[in-house]
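As provided, coords-v9.pdb (PDB, C-alpha atoms and all ligand atoms) reads as follows.
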ATOM      1  CA  MET V  24       3.403 -21.952 -26.316
ATOM      2  CA  THR V  25       2.626 -22.021 -22.621
ATOM      3  CA  SER V  26       5.273 -20.663 -20.288
ATOM      4  CA  GLN V  27       6.969 -22.852 -17.718
ATOM      5  CA  PHE V  28       6.405 -19.974 -15.276
ATOM      6  CA  PRO V  29       3.251 -18.933 -13.373
ATOM      7  CA  ALA V  30       0.661 -16.716 -15.055
ATOM      8  CA  GLU V  31       1.728 -13.490 -13.329
ATOM      9  CA  THR V  32       5.277 -13.777 -14.677
ATOM     10  CA  SER V  33       6.930 -13.146 -18.051
ATOM     11  CA  ALA V  34       8.692 -15.661 -20.303
ATOM     12  CA  THR V  35      11.842 -15.164 -18.204
ATOM     13  CA  GLY V  36      10.035 -15.656 -14.894
ATOM     14  CA  ALA V  37       9.957 -11.968 -13.936
ATOM     15  CA  PHE V  38       6.892 -10.685 -12.048
ATOM     16  CA  VAL V  39       4.604  -8.541 -14.216
ATOM     17  CA  ARG V  40       2.136  -6.266 -12.430
ATOM     18  CA  GLN V  41      -1.266  -5.937 -14.081
ATOM     19  CA  LYS V  42      -2.325  -2.502 -15.290
ATOM     20  CA  TYR V  43      -5.156  -0.744 -13.502
ATOM     21  CA  GLN V  44      -8.548  -0.870 -15.148
ATOM     22  CA  PHE V  45     -10.592   1.838 -13.448
ATOM     23  CA  GLN V  46      -9.072   5.269 -13.410
ATOM     24  CA  GLY V  47     -11.863   7.690 -12.530
ATOM     25  CA  ARG V  48     -10.734  10.906 -10.845
ATOM     26  CA  PHE V  49     -12.428  12.933  -8.125
ATOM     27  CA  SER V  50     -12.788  16.660  -8.553
ATOM     28  CA  ARG V  51     -13.157  19.522  -6.111
ATOM     29  CA  ASP V  52     -14.837  21.700  -8.768
ATOM     30  CA  GLY V  53     -17.126  19.041 -10.259
ATOM     31  CA  SER V  54     -15.181  18.882 -13.525
ATOM     32  CA  THR V  55     -15.139  15.055 -13.492
ATOM     33  CA  PRO V  56     -18.062  12.585 -13.165
ATOM     34  CA  PHE V  57     -17.020  12.027  -9.539
ATOM     35  CA  PRO V  58     -17.224  15.308  -7.595
ATOM     36  CA  ALA V  59     -15.771  15.331  -4.084
ATOM     37  CA  GLU V  60     -18.753  14.850  -1.778
ATOM     38  CA  ALA V  61     -19.290  13.655   1.779
ATOM     39  CA  GLY V  62     -20.942  10.280   2.360
ATOM     40  CA  ARG V  63     -20.970   9.238  -1.285
ATOM     41  CA  TYR V  64     -17.874   7.088  -1.759
ATOM     42  CA  ARG V  65     -16.694   3.894  -0.078
ATOM     43  CA  LEU V  66     -13.065   2.816   0.109
ATOM     44  CA  TYR V  67     -12.328  -0.930   0.095
ATOM     45  CA  VAL V  68      -8.995  -1.931   1.623
ATOM     46  CA  SER V  69      -7.018  -4.813   2.951
ATOM     47  CA  LEU V  70      -4.949  -3.834   5.983
ATOM     48  CA  ALA V  71      -2.356  -6.295   4.674
ATOM     49  CA  CYS V  72      -1.868  -4.500   1.374
ATOM     50  CA  PRO V  73       0.796  -1.780   1.163
ATOM     51  CA  TRP V  74      -0.987   0.028  -1.688
ATOM     52  CA  ALA V  75      -4.244   0.152   0.246
ATOM     53  CA  HIS V  76      -2.433   1.056   3.460
ATOM     54  CA  ARG V  77      -1.398   4.371   1.922
ATOM     55  CA  ALA V  78      -5.023   5.320   1.444
ATOM     56  CA  VAL V  79      -5.903   4.287   5.008
ATOM     57  CA  ILE V  80      -3.158   6.492   6.467
ATOM     58  CA  VAL V  81      -3.919   9.518   4.288
ATOM     59  CA  ARG V  82      -7.677   9.283   4.911
ATOM     60  CA  GLY V  83      -6.982   9.344   8.662
ATOM     61  CA  LEU V  84      -4.330  12.074   8.661
ATOM     62  CA  LEU V  85      -6.631  14.331   6.632
ATOM     63  CA  GLY V  86      -9.640  13.656   8.868
ATOM     64  CA  LEU V  87     -11.723  12.208   6.019
ATOM     65  CA  GLU V  88     -13.166   9.298   8.035
ATOM     66  CA  ASP V  89     -16.674  10.759   8.095
ATOM     67  CA  THR V  90     -16.489  11.812   4.444
ATOM     68  CA  ILE V  91     -15.324   8.557   2.858
ATOM     69  CA  SER V  92     -16.452   5.336   4.509
ATOM     70  CA  MET V  93     -14.125   2.357   4.581
ATOM     71  CA  ALA V  94     -14.532  -1.413   4.451
ATOM     72  CA  VAL V  95     -11.776  -3.823   5.486
ATOM     73  CA  VAL V  96     -11.599  -7.215   3.773
ATOM     74  CA  ASP V  97     -10.586 -10.556   5.293
ATOM     75  CA  PRO V  98      -6.782 -10.650   4.898
ATOM     76  CA  VAL V  99      -6.820 -14.268   3.780
ATOM     77  CA  ARG V 100      -7.860 -14.517   0.145
ATOM     78  CA  ASP V 101      -8.827 -17.643  -1.793
ATOM     79  CA  GLU V 102      -9.540 -18.178  -5.494
ATOM     80  CA  ARG V 103     -12.762 -16.154  -5.183
ATOM     81  CA  GLY V 104     -10.763 -13.038  -4.340
ATOM     82  CA  TRP V 105     -11.103 -10.657  -1.382
ATOM     83  CA  ALA V 106     -14.115 -11.309   0.873
ATOM     84  CA  LEU V 107     -16.116  -9.131   3.238
ATOM     85  CA  ARG V 108     -16.991 -11.117   6.314
ATOM     86  CA  ASP V 109     -16.790 -10.814  10.074
ATOM     87  CA  GLY V 110     -13.480 -11.658  11.721
ATOM     88  CA  PRO V 111     -10.688 -10.110  13.798
ATOM     89  CA  GLY V 112     -10.076  -6.595  12.433
ATOM     90  CA  HIS V 113     -12.533  -6.921   9.532
ATOM     91  CA  SER V 114     -16.270  -7.166   9.044
ATOM     92  CA  SER V 115     -19.060  -7.767   6.578
ATOM     93  CA  ASP V 116     -19.996  -4.892   4.292
ATOM     94  CA  GLY V 117     -22.866  -3.036   5.963
ATOM     95  CA  VAL V 118     -23.204  -0.322   3.319
ATOM     96  CA  CYS V 119     -23.076  -1.966  -0.097
ATOM     97  CA  GLY V 120     -23.685  -5.543   1.004
ATOM     98  CA  PHE V 121     -20.889  -7.073  -1.051
ATOM     99  CA  GLU V 122     -19.752 -10.499   0.097
ATOM    100  CA  PHE V 123     -16.853 -10.511  -2.347
ATOM    101  CA  LEU V 124     -15.056  -7.564  -3.853
ATOM    102  CA  SER V 125     -15.545  -9.192  -7.247
ATOM    103  CA  GLU V 126     -19.212  -8.089  -7.068
ATOM    104  CA  ALA V 127     -18.158  -4.435  -7.213
ATOM    105  CA  TYR V 128     -15.905  -5.089 -10.202
ATOM    106  CA  LEU V 129     -18.458  -7.155 -12.120
ATOM    107  CA  ARG V 130     -21.328  -4.761 -11.462
ATOM    108  CA  THR V 131     -19.190  -1.988 -12.902
ATOM    109  CA  ASP V 132     -18.099  -4.049 -15.885
ATOM    110  CA  PRO V 133     -19.721  -7.472 -16.382
ATOM    111  CA  GLY V 134     -16.931  -8.348 -18.827
ATOM    112  CA  TYR V 135     -14.138  -7.485 -16.375
ATOM    113  CA  GLN V 136     -11.334 -10.044 -16.585
ATOM    114  CA  GLY V 137      -8.606  -8.484 -14.445
ATOM    115  CA  ARG V 138      -7.843  -9.163 -10.819
ATOM    116  CA  TYR V 139     -10.102  -7.820  -8.095
ATOM    117  CA  THR V 140      -7.642  -5.573  -6.296
ATOM    118  CA  VAL V 141      -7.601  -3.288  -3.302
ATOM    119  CA  PRO V 142      -7.630  -0.396  -2.829
ATOM    120  CA  CYS V 143     -10.674   0.555  -4.828
ATOM    121  CA  ILE V 144     -13.453   3.105  -4.359
ATOM    122  CA  TRP V 145     -17.148   2.541  -5.006
ATOM    123  CA  ASP V 146     -19.615   5.327  -5.832
ATOM    124  CA  THR V 147     -22.868   4.693  -3.962
ATOM    125  CA  VAL V 148     -24.735   7.163  -6.213
ATOM    126  CA  THR V 149     -23.936   5.847  -9.685
ATOM    127  CA  LYS V 150     -23.239   2.350  -8.303
ATOM    128  CA  GLN V 151     -19.921   1.710  -9.957
ATOM    129  CA  LEU V 152     -16.243   1.562  -9.150
ATOM    130  CA  VAL V 153     -14.585   4.927  -9.553
ATOM    131  CA  THR V 154     -10.986   3.758  -9.325
ATOM    132  CA  ASN V 155      -8.648   0.953  -8.392
ATOM    133  CA  ASN V 156      -5.656   3.041  -9.385
ATOM    134  CA  TYR V 157      -3.835   3.407  -6.095
ATOM    135  CA  PRO V 158      -1.385   6.175  -7.069
ATOM    136  CA  ASP V 159      -4.302   8.531  -7.774
ATOM    137  CA  ILE V 160      -6.311   7.766  -4.664
ATOM    138  CA  THR V 161      -4.124   9.467  -2.071
ATOM    139  CA  LEU V 162      -3.364  12.385  -4.376
ATOM    140  CA  ASP V 163      -7.098  12.984  -4.882
ATOM    141  CA  PHE V 164      -7.746  12.809  -1.125
ATOM    142  CA  GLU V 165      -5.018  15.417  -0.664
ATOM    143  CA  THR V 166      -5.910  17.791  -3.488
ATOM    144  CA  GLN V 167      -9.609  17.276  -4.364
ATOM    145  CA  PHE V 168     -11.201  16.589  -0.956
ATOM    146  CA  VAL V 169      -9.680  19.745   0.561
ATOM    147  CA  ASP V 170     -13.081  21.158   1.544
ATOM    148  CA  PHE V 171     -13.799  18.127   3.713
ATOM    149  CA  GLN V 172     -10.444  17.784   5.455
ATOM    150  CA  GLY V 173     -10.337  18.220   9.223
ATOM    151  CA  PRO V 174      -9.059  21.362  10.961
ATOM    152  CA  GLY V 175      -5.267  21.493  10.880
ATOM    153  CA  ALA V 176      -5.005  18.702   8.308
ATOM    154  CA  PRO V 177      -1.416  18.505   7.025
ATOM    155  CA  ASP V 178      -0.585  19.390   3.437
ATOM    156  CA  LEU V 179       0.919  16.082   2.342
ATOM    157  CA  TYR V 180       1.433  17.163  -1.274
ATOM    158  CA  PRO V 181       2.559  20.820  -1.149
ATOM    159  CA  GLU V 182       2.754  22.400  -4.552
ATOM    160  CA  ALA V 183       6.322  23.631  -4.211
ATOM    161  CA  LEU V 184       7.562  20.150  -3.313
ATOM    162  CA  ARG V 185       5.644  18.172  -5.944
ATOM    163  CA  PRO V 186       8.481  17.745  -8.461
ATOM    164  CA  GLU V 187      10.776  16.439  -5.720
ATOM    165  CA  ILE V 188       8.077  14.193  -4.237
ATOM    166  CA  ASP V 189       7.106  12.786  -7.648
ATOM    167  CA  ALA V 190      10.724  12.070  -8.582
ATOM    168  CA  LEU V 191      11.414  10.268  -5.322
ATOM    169  CA  ASN V 192       8.132   8.362  -5.474
ATOM    170  CA  ALA V 193       9.054   7.077  -8.926
ATOM    171  CA  VAL V 194      12.355   5.502  -7.872
ATOM    172  CA  ILE V 195      10.979   4.260  -4.552
ATOM    173  CA  TYR V 196       8.084   2.655  -6.422
ATOM    174  CA  THR V 197      10.305   0.808  -8.879
ATOM    175  CA  ASP V 198      13.052  -0.284  -6.521
ATOM    176  CA  VAL V 199      11.298  -0.593  -3.162
ATOM    177  CA  ASN V 200       7.463  -0.669  -3.187
ATOM    178  CA  ASP V 201       7.277  -2.868  -6.271
ATOM    179  CA  GLY V 202      10.836  -4.153  -5.860
ATOM    180  CA  VAL V 203       9.883  -6.448  -2.982
ATOM    181  CA  TYR V 204       7.111  -7.954  -5.146
ATOM    182  CA  LYS V 205       9.473  -8.399  -8.097
ATOM    183  CA  ALA V 206      11.819 -10.283  -5.766
ATOM    184  CA  GLY V 207       9.092 -12.290  -4.072
ATOM    185  CA  PHE V 208       7.151 -13.341  -7.144
ATOM    186  CA  ALA V 209      10.153 -13.942  -9.412
ATOM    187  CA  ALA V 210       9.967 -17.485 -10.693
ATOM    188  CA  SER V 211      13.576 -17.688 -11.831
ATOM    189  CA  GLN V 212      16.969 -16.697 -10.449
ATOM    190  CA  ALA V 213      18.035 -13.744 -12.621
ATOM    191  CA  PRO V 214      14.954 -11.516 -12.151
ATOM    192  CA  TYR V 215      15.026 -12.279  -8.419
ATOM    193  CA  GLU V 216      18.667 -11.273  -8.096
ATOM    194  CA  GLU V 217      18.169  -8.122 -10.126
ATOM    195  CA  ALA V 218      15.231  -7.038  -7.992
ATOM    196  CA  VAL V 219      16.983  -7.733  -4.697
ATOM    197  CA  THR V 220      20.158  -5.976  -5.794
ATOM    198  CA  ARG V 221      18.241  -2.861  -6.836
ATOM    199  CA  LEU V 222      16.107  -2.950  -3.702
ATOM    200  CA  PHE V 223      19.057  -2.959  -1.321
ATOM    201  CA  ALA V 224      21.034  -0.423  -3.348
ATOM    202  CA  ARG V 225      18.044   1.904  -2.972
ATOM    203  CA  LEU V 226      17.658   1.173   0.731
ATOM    204  CA  ASP V 227      21.368   1.917   1.206
ATOM    205  CA  ALA V 228      20.886   5.262  -0.555
ATOM    206  CA  LEU V 229      17.805   6.074   1.529
ATOM    207  CA  GLU V 230      19.709   5.171   4.701
ATOM    208  CA  GLU V 231      22.280   7.797   3.741
ATOM    209  CA  HIS V 232      19.595  10.315   2.703
ATOM    210  CA  LEU V 233      17.886  10.014   6.089
ATOM    211  CA  SER V 234      21.092  10.451   8.099
ATOM    212  CA  ASP V 235      20.726  14.233   8.343
ATOM    213  CA  ARG V 236      17.015  14.861   7.803
ATOM    214  CA  ARG V 237      13.894  13.658   9.527
ATOM    215  CA  TYR V 238      11.690  13.316   6.414
ATOM    216  CA  LEU V 239      12.340  12.384   2.810
ATOM    217  CA  VAL V 240      11.430  15.748   1.263
ATOM    218  CA  GLY V 241      11.275  19.354   2.398
ATOM    219  CA  GLY V 242      11.566  18.961   6.154
ATOM    220  CA  GLN V 243       7.941  17.890   6.555
ATOM    221  CA  LEU V 244       5.807  14.780   6.357
ATOM    222  CA  THR V 245       4.667  14.206   2.763
ATOM    223  CA  GLU V 246       3.091  11.634   0.479
ATOM    224  CA  ALA V 247       6.612  10.307  -0.180
ATOM    225  CA  ASP V 248       7.053   9.288   3.473
ATOM    226  CA  ILE V 249       3.733   7.493   3.529
ATOM    227  CA  ARG V 250       4.560   5.502   0.407
ATOM    228  CA  LEU V 251       7.926   4.405   1.819
ATOM    229  CA  PHE V 252       6.485   3.680   5.267
ATOM    230  CA  THR V 253       3.964   1.101   4.074
ATOM    231  CA  THR V 254       6.769  -1.012   2.594
ATOM    232  CA  LEU V 255       9.142  -0.523   5.535
ATOM    233  CA  VAL V 256       6.566  -1.525   8.124
ATOM    234  CA  ARG V 257       6.085  -4.873   6.330
ATOM    235  CA  PHE V 258       9.759  -5.445   5.649
ATOM    236  CA  ASP V 259      10.931  -7.618   8.515
ATOM    237  CA  ALA V 260       7.524  -9.211   9.080
ATOM    238  CA  VAL V 261       7.042 -10.526   5.555
ATOM    239  CA  TYR V 262       9.453  -9.305   2.889
ATOM    240  CA  VAL V 263      12.665 -10.593   4.505
ATOM    241  CA  GLY V 264      11.384 -14.157   4.772
ATOM    242  CA  HIS V 265       8.397 -14.698   2.497
ATOM    243  CA  PHE V 266       9.757 -12.553  -0.376
ATOM    244  CA  LYS V 267      13.440 -13.504   0.161
ATOM    245  CA  CYS V 268      14.551  -9.863   0.560
ATOM    246  CA  ASN V 269      17.118 -10.912   3.097
ATOM    247  CA  LEU V 270      20.424  -9.160   2.440
ATOM    248  CA  ARG V 271      19.595  -7.026   5.473
ATOM    249  CA  ARG V 272      16.611  -6.418   7.716
ATOM    250  CA  LEU V 273      15.029  -3.044   8.419
ATOM    251  CA  VAL V 274      16.406  -3.205  11.974
ATOM    252  CA  ASP V 275      19.934  -3.395  10.506
ATOM    253  CA  TYR V 276      19.550   0.129   9.077
ATOM    254  CA  PRO V 277      19.813   2.592  12.001
ATOM    255  CA  ASN V 278      18.388   5.582  10.110
ATOM    256  CA  LEU V 279      15.634   3.778   8.199
ATOM    257  CA  TRP V 280      14.585   1.852  11.291
ATOM    258  CA  GLY V 281      14.528   5.024  13.409
ATOM    259  CA  TYR V 282      12.626   6.827  10.649
ATOM    260  CA  ALA V 283      10.040   4.034  10.411
ATOM    261  CA  ARG V 284       9.544   4.062  14.208
ATOM    262  CA  ASP V 285       9.267   7.854  14.210
ATOM    263  CA  LEU V 286       6.333   7.596  11.791
ATOM    264  CA  PHE V 287       4.798   4.555  13.491
ATOM    265  CA  GLN V 288       4.730   6.278  16.882
ATOM    266  CA  ARG V 289       2.840   9.382  15.789
ATOM    267  CA  PRO V 290      -0.959   9.626  15.643
ATOM    268  CA  GLY V 291      -2.410   8.320  12.410
ATOM    269  CA  PHE V 292       0.092   5.551  11.737
ATOM    270  CA  ARG V 293       0.175   2.968  14.515
ATOM    271  CA  GLU V 294      -3.592   2.415  14.500
ATOM    272  CA  THR V 295      -3.485   1.605  10.783
ATOM    273  CA  VAL V 296      -0.827  -1.108  11.144
ATOM    274  CA  ASN V 297      -2.228  -4.603  11.655
ATOM    275  CA  PHE V 298       0.624  -7.111  11.829
ATOM    276  CA  ASP V 299      -1.819  -9.984  12.214
ATOM    277  CA  HIS V 300      -3.502  -9.134   8.893
ATOM    278  CA  ILE V 301      -0.138  -8.510   7.243
ATOM    279  CA  LYS V 302       1.396 -11.815   8.268
ATOM    280  CA  ARG V 303      -1.664 -13.981   7.736
ATOM    281  CA  HIS V 304      -2.314 -12.436   4.319
ATOM    282  CA  TYR V 305       1.125 -12.974   2.843
ATOM    283  CA  TYR V 306       1.873 -16.356   4.355
ATOM    284  CA  MET V 307      -1.611 -17.853   3.915
ATOM    285  CA  THR V 308      -2.607 -16.407   0.533
ATOM    286  CA  HIS V 309       0.413 -16.912  -1.713
ATOM    287  CA  GLU V 310       0.191 -20.656  -2.001
ATOM    288  CA  ARG V 311       2.926 -20.853  -4.597
ATOM    289  CA  LEU V 312       5.416 -19.258  -2.193
ATOM    290  CA  ASN V 313       4.276 -20.922   1.027
ATOM    291  CA  PRO V 314       2.252 -24.059   0.288
ATOM    292  CA  SER V 315       1.944 -25.070   3.950
ATOM    293  CA  GLY V 316       0.315 -21.771   4.920
ATOM    294  CA  VAL V 317       2.281 -21.828   8.162
ATOM    295  CA  VAL V 318       2.672 -18.287   9.560
ATOM    296  CA  PRO V 319       5.971 -17.541  11.330
ATOM    297  CA  LEU V 320       5.771 -16.363  14.939
ATOM    298  CA  GLY V 321       8.444 -13.670  14.645
ATOM    299  CA  PRO V 322      10.099 -11.398  14.251
ATOM    300  CA  ILE V 323      10.165  -9.663  17.613
ATOM    301  CA  SER V 324      10.623  -5.965  16.778
ATOM    302  CA  ASP V 325      10.270  -3.126  19.252
ATOM    303  CA  TRP V 326       8.320  -0.532  17.281
ATOM    304  CA  ASP V 327       7.960   1.550  20.440
ATOM    305  CA  ALA V 328      11.685   1.908  21.111
ATOM    306  CA  PRO V 329      12.748   5.589  21.306
ATOM    307  CA  HIS V 330      13.954   6.884  17.941
ATOM    308  CA  ASP V 331      15.933  10.049  18.661
ATOM    309  CA  ARG V 332      14.944  11.615  15.309
ATOM    310  CA  ALA V 333      13.281  14.744  16.668
ATOM    311  CA  ARG V 334      16.782  16.329  16.725
ATOM    312  CA  LEU V 335      16.926  16.292  12.892
ATOM    313  CA  PRO V 336      15.733  19.133  10.671
TER
HETATM  314  N1  LIG V 401      -4.158  -2.447  -8.313
HETATM  315  C1  LIG V 401      -2.779  -2.644  -8.327
HETATM  316  C2  LIG V 401      -2.112  -2.776  -6.977
HETATM  317  C3  LIG V 401      -2.935  -3.237  -5.857
HETATM  318  C4  LIG V 401      -2.636  -4.643  -5.538
HETATM  319  O1  LIG V 401      -1.753  -5.279  -6.133
HETATM  320  N2  LIG V 401      -3.347  -5.129  -4.568
HETATM  321  C5  LIG V 401      -3.218  -6.515  -4.190
HETATM  322  C6  LIG V 401      -3.022  -6.652  -2.712
HETATM  323  S1  LIG V 401      -1.480  -5.996  -2.146
HETATM  324  C7  LIG V 401      -4.508  -7.203  -4.542
HETATM  325  O2  LIG V 401      -5.569  -6.691  -4.276
HETATM  326  N3  LIG V 401      -4.428  -8.377  -5.141
HETATM  327  C8  LIG V 401      -5.613  -9.137  -5.442
HETATM  328  C9  LIG V 401      -5.315 -10.250  -6.384
HETATM  329  O3  LIG V 401      -4.214 -10.273  -6.932
HETATM  330  O4  LIG V 401      -6.204 -11.093  -6.553
HETATM  331  C10 LIG V 401      -2.358  -3.672  -9.308
HETATM  332  O5  LIG V 401      -3.117  -3.851 -10.227
HETATM  333  O6  LIG V 401      -1.274  -4.228  -9.215
END
Re-express the file's structure as structure tokens.
Ligand SMILES: N[C@@H](CCC(=O)N[C@@H](CS)C(=O)NCC(=O)O)C(=O)O
Amino acid sequence: MTSQFPAETSATGAFVRQKYQFQGRFSRDGSTPFPAEAGRYRLYVSLACPWAHRAVIVRGLLGLEDTISMAVVDPVRDERGWALRDGPGHSSDGVCGFEFLSEAYLRTDPGYQGRYTVPCIWDTVTKQLVTNNYPDITLDFETQFVDFQGPGAPDLYPEALRPEIDALNAVIYTDVNDGVYKAGFAASQAPYEEAVTRLFARLDALEEHLSDRRYLVGGQLTEADIRLFTTLVRFDAVYVGHFKCNLRRLVDYPNLWGYARDLFQRPGFRETVNFDHIKRHYYMTHERLNPSGVVPLGPISDWDAPHDRARLP
């Protein structure tokens, strides 16, 4: 029986995220097939994509730009998948010569039938994809590429804080990072309402959590902040309208909005945020949600407004 709902949804119309196919891990000590090395691996990202955005931020904060090269795809995707071509904020793939990201997937596995997703990392030595499993990518940059990190690189995943970071990441993933997608791609009312209700309940809790501390965990910037930031920075620009997450906007949450600006305004964040790619990707790629492809002009948000969060511990 074919479902009345689109392919990426379940029989009840709830959005179902595909499972990752390539899960290679990097290793500092060479214990995996992909040892941490300089100049060997290439990261493919879309600046529109929140999962890829994490990797872009972490790569920059850790000073890994010269160690791991990066290619930015055209934010507008058609049925052929992500493309590498010249345009504003993106360019053709000088290193591997891929015109479409699908080439990397199909060269790795000619029988590959999943979606061609970013972020993913290509190994220029063995000529295959190492991973498209975004939760591992930043953790491996933080813990396995230590010998290549720049002087004074922050420890974004400190051992003592890992249980707390992991626990928070898990609920933020389900309710917020993936929650906006579950709301946006829901093809029926009940899964949409459930996702939106959980999303805003979690945002309300995070608003409270951030009332007396500057960062999510341990009084320092960690992986948890980066994962929340990439959803918050897209919230008013695309999730409120395009994904119907409109009970409140980010700017209606004084602490979350101040927190997001605090991160945005420090080195390593602002230069990774491309609102043009973000808006054109969502509004021009998801034809089911926005058949006209018209991109809204707003919102007008002052990301440079003072945030007054330096007073917090
Ligand atoms: N790889 C993950 C997450 C990454 C992801 O969803 N990336 C999106 C962009 S935000 C993508 O590349 N989608 C390509 C497609 O669906 O064709 C997944 O399988 O869900």
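Taking all atoms listed in the file into account, the residues that come within 6 Å of ligand LIG 401 (chain V) are Arg40, Gln41, Lys42, Tyr43, Cys72, Pro73, Trp74, Gly104, Arg138, Tyr139, Thr140, Val141, Asn155 and Asn156 of chain V.
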query = Which of these residues is nearest to Val318 in chain V, using all atoms listed in the file: V:Leu124, V:Val203, V:Val99, V:Leu184?
reply = V:Val99
query = Got a sec: who's within 10 Å of Asn269 in chain V, counting all atoms listed in the file, leaving out chain neighbours fewer than 6 positions off, as number ranges by chain?
reply = V: 219, 223, 258-259, 262-263
request  = Let me know the residues the PyMOL selection byres (((chain V and resi 209) around 10) and not hetatm) catches in the file above, as a ChimeraX atom specification.
outcome  = /V:28-29,31-33,35-39,203-208,210-218,266
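Proximity ranking of V:Leu66, V:Val169, V:Ile80, V:Leu226 relative to Glu294 in chain V places V:Ile80 first, based on all atoms listed in the file.
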ask   = Using only C-alpha atoms, can you list as a VMD selection string the residues within 6 Å of (-0.4, -17.4, 5.9)?
value = chain V and resid 303 to 308 316 to 318
Selection dump of the PyMOL selection byres (((chain V and resi 58) around 12) and not hetatm), as a VMD selection string = chain V and resid 47 to 57 59 to 64 146 148 to 149 153 163 to 164 167 to 170
Using the chain letters and numbers from the file, which residues does the PyMOL selection byres (((chain V and resi 270-286) around 7) and not hetatm) grab, as an mmCIF file with C-alpha atoms, keeping the file's coordinate frame?
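Below is the file out02.cif, written as the result:
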data_model
loop_
_atom_site.group_PDB
_atom_site.id
_atom_site.type_symbol
_atom_site.label_atom_id
_atom_site.label_comp_id
_atom_site.auth_asym_id
_atom_site.auth_seq_id
_atom_site.Cartn_x
_atom_site.Cartn_y
_atom_site.Cartn_z
ATOM 1 C CA GLU V 230 19.709 5.171 4.701
ATOM 2 C CA LEU V 233 17.886 10.014 6.089
ATOM 3 C CA SER V 234 21.092 10.451 8.099
ATOM 4 C CA PHE V 252 6.485 3.680 5.267
ATOM 5 C CA LEU V 255 9.142 -0.523 5.535
ATOM 6 C CA VAL V 256 6.566 -1.525 8.124
ATOM 7 C CA PHE V 258 9.759 -5.445 5.649
ATOM 8 C CA ASP V 259 10.931 -7.618 8.515
ATOM 9 C CA VAL V 263 12.665 -10.593 4.505
ATOM 10 C CA CYS V 268 14.551 -9.863 0.560
ATOM 11 C CA ASN V 269 17.118 -10.912 3.097
ATOM 12 C CA PHE V 287 4.798 4.555 13.491
ATOM 13 C CA GLN V 288 4.730 6.278 16.882
ATOM 14 C CA ARG V 289 2.840 9.382 15.789
ATOM 15 C CA PHE V 292 0.092 5.551 11.737
ATOM 16 C CA TRP V 326 8.320 -0.532 17.281
ATOM 17 C CA ASP V 327 7.960 1.550 20.440
ATOM 18 C CA HIS V 330 13.954 6.884 17.941
ATOM 19 C CA ARG V 332 14.944 11.615 15.309
#
task = Report the distance between CA of Lys267 in chain V and CA of His300 in chain V in Å, rounded to one decimal place.
result =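 Here the two named atoms are 19.6 Å from each other.
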key: Atom-to-atom span, CA of Gly83 in chain V and CA of Thr161 in chain V, Å   =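 So the answer is 11.1 Å.
Shortest atom-to-atom contact with Gly264 in chain V among V:Asn313, V:Ser92, V:Gln46, V:Thr154: V:Asn313, counting all atoms listed in the file.
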task = State, in Å with one decimal place, the distance from CA of Thr254 in chain V to CA of Gly291 in chain V.
result =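 Separating CA of Thr254 in chain V from CA of Gly291 in chain V is a distance of 16.4 Å.
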ask   = Taking only C-alpha atoms into account, which of V:Glu165, V:Asp227, V:Glu182, V:Phe123 comes nearest Arg100 in chain V?
value = V:Phe123
Neighbour list for Leu107 in chain V as a PyMOL selection string, cut-off 8 Å, all atoms listed in the file, skip fewer than 3 positions in-chain = chain V and resi 94-97+113-116+121-124
Those residues with C-alpha atoms, as a compact mmCIF listing (two decimals), in the coordinates of the input please?
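The result, written out as selection-v5.txt:
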# COMPACT_ATOMS: atom_id res chain seq x y z
CA ALA V 94 -14.53 -1.41 4.45
CA VAL V 95 -11.78 -3.82 5.49
CA VAL V 96 -11.60 -7.22 3.77
CA ASP V 97 -10.59 -10.56 5.29
CA HIS V 113 -12.53 -6.92 9.53
CA SER V 114 -16.27 -7.17 9.04
CA SER V 115 -19.06 -7.77 6.58
CA ASP V 116 -20.00 -4.89 4.29
CA PHE V 121 -20.89 -7.07 -1.05
CA GLU V 122 -19.75 -10.50 0.10
CA PHE V 123 -16.85 -10.51 -2.35
CA LEU V 124 -15.06 -7.56 -3.85
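Closest approach to Arg236 in chain V from the set V:Asp101, V:Asp331, V:Pro133, V:Val68 is made by V:Asp331, with distances taken over all atoms listed in the file.
Among V:Gln151, V:Asp159, V:Pro181, V:Leu251, the residue with the shortest atom-to-atom distance to Val194 in chain V, counting all atoms listed in the file, is V:Leu251.
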task = For His76 in chain V, please output as JSON, numbers by chain all residues within 8 Å (counting all atoms listed in the file; exclusion window: fewer than 5 positions along the same chain).
result = {"V": [68, 69, 70, 71, 253, 295]}
Save the residues we just selected, C-alpha atoms, as a CSV table (one decimal), in the frame of the given file?
chain,number,residue,atom,x,y,z
V,68,VAL,CA,-9.0,-1.9,1.6
V,69,SER,CA,-7.0,-4.8,3.0
V,70,LEU,CA,-4.9,-3.8,6.0
V,71,ALA,CA,-2.4,-6.3,4.7
V,253,THR,CA,4.0,1.1,4.1
V,295,THR,CA,-3.5,1.6,10.8
